[in-house]
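Only one structure is covered here, and it is reproduced in the block below.
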Amino acid sequence: MSFYHGSKNPNIIELTTNHSKDGFVYATSNRLVALTYAARSFPNLFSSENGKEVFNEIKPNLFRKMVEGKSGFIYTLEDKEFEPVPQSYKCGHIDCFRTKTNVKVLKKEFIEDFYNEFKKYVDSGEFILKSYESIDSDKREKMCQNISNVAKTLTADEINDKNNFWYLFID
């Protein structure tokens with residue numbers, strides 16, 4: 001089985017356990033899940049539903065605004081006896097694993113435009129883009145409230161960081 005890690009960082013040669021608060025290195029056996037991690041910054045509107053990766057577009061055209069023209073990397077990792085992430089720790093995605101040892105990168109793949117890469121998965125039916133209109137208004141409201149609550153804790157620099165997408169929620 002192959003394991004992947006998605007990131008915007010172009011210089012990863014090894015994932016270390018001291019990088020996370022809980023001392024684990026996290027990975028996925030699903031390239032699409034790695035792609036969502038490479039593309040995202042909070043607000044994380046990517047999740048797994050019924051065995052498929054999904055993006056919940058809580059503002060019109062949000063997905064395209066967040067990922068089009070943006071680039072990043074998918075790293076293929078050595079197999080270090082990864083264990084499934086326990087259900088209580090689930091990240092909201094399928095096929096997630098962790099290990100308590102450092103993990104070397106075997107291969108780095110550059111993704112030039114996340115939008116074009118996701119479109120391949122949409123076309124194959126592996127990725128679902130839930131449009132603004134198709135999401136229940138109560139669900140949209142709860143997701144927006146969560147984003148608003150987190151935004152209140154951010155510094156001005158964090159809010160204005162174009163890589164974190166907060167500017168898309170500030171009218």
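We label chains A, B, ... in the order they appear in the structure tokens, count residues from 1 in each chain, and number ligands from 1 in the order shown.
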
*Determine, counting only C-alpha atoms, which protein, DNA and RNA residues have an atom within 12 Å of an atom of Asn50 of chain A; residues of the same chain fewer than 6 positions away are not included. Present the result as a VMD selection string.*
chain A and resid 92 to 94 126 to 128

_Among segment 2-158 of chain A, which residues does DSSP mark as strand (DSSP E) when it is run on the backbone? Keep the chain and numbering as in the structure and answer as an MDAnalysis selection string._
chainID A and resid 3:7 14:15 25:28 46:49 52:56 72:77 83:84 96:99 103:111 127:130

*Residues near Trp166 of chain A, cut-off 12 Å, only C-alpha atoms, skip fewer than 6 positions along chain, as a PyMOL selection string*: chain A and resi 40-44+62+65-66+144+147-148+150-152+154-160

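The nearest approach to Tyr37 of chain A among the residues A:Asp22, A:Glu14, A:Glu112, A:Glu53, with only C-alpha atoms taken into account, belongs to A:Glu53.
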
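Among the residues of segment 44-140 of chain A, backbone DSSP assigns helix (DSSP H, G or I) to Leu62, Phe63, Arg64, Lys65, Met66, Val67, Gln87, Ser88, Tyr89, Phe114, Tyr115, Asn116, Glu117, Phe118, Lys119, Lys120, Tyr121, Val122, Asp123, Ser124, Tyr132, Glu133, Ser134, Ser137, Asp138, Lys139 and Arg140 of chain A.
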
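For the pair atom CA of Ser131 of chain A and atom CA of Asn9 of chain A, the interatomic distance is 29.0 Å.
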
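The spacing separating atom CA of Phe55 of chain A from atom CA of Thr99 of chain A amounts to 27.1 Å.
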
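Checking A:Gln145, A:Thr36, A:Asn11, A:Ser48 one by one against Val105 of chain A, counting only C-alpha atoms, you find the shortest gap at A:Asn11.
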
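From atom CA of Ala38 of chain A back to atom CA of Thr101 of chain A, the distance works out to 21.6 Å.
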
*asked:* So that I can check the surroundings of Thr76 of chain A, please list as JSON, numbers by chain every protein, DNA and RNA residue that reaches within 6 Å of it, counting only C-alpha atoms and ignoring chain neighbours fewer than 3 positions away.
replied: {"A": [3, 4, 105, 106, 107]}

*Hey, which of A:Ile13, A:Val67, A:Met1, A:Leu32 ends up closest to Asp79 of chain A? Count only C-alpha atoms.*
A:Met1

*Just the residues within 9 Å of Lys108 of chain A, please, counting only C-alpha atoms, with nothing from its chain fewer than 4 positions along; format it as a count of residues only.*
7

*For Glu133 of chain A, list every protein, DNA or RNA residue within 10 Å, evaluated using only C-alpha atoms, and leave out those in the same chain fewer than 5 positions away; present the list as a PyMOL selection string.*
chain A and resi 57-60+140

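Candidate residues A:Glu68, A:Lys52, A:Asn146, A:Asp95 were compared for distance to Val122 of chain A, and the nearest is A:Lys52, using only C-alpha atoms.
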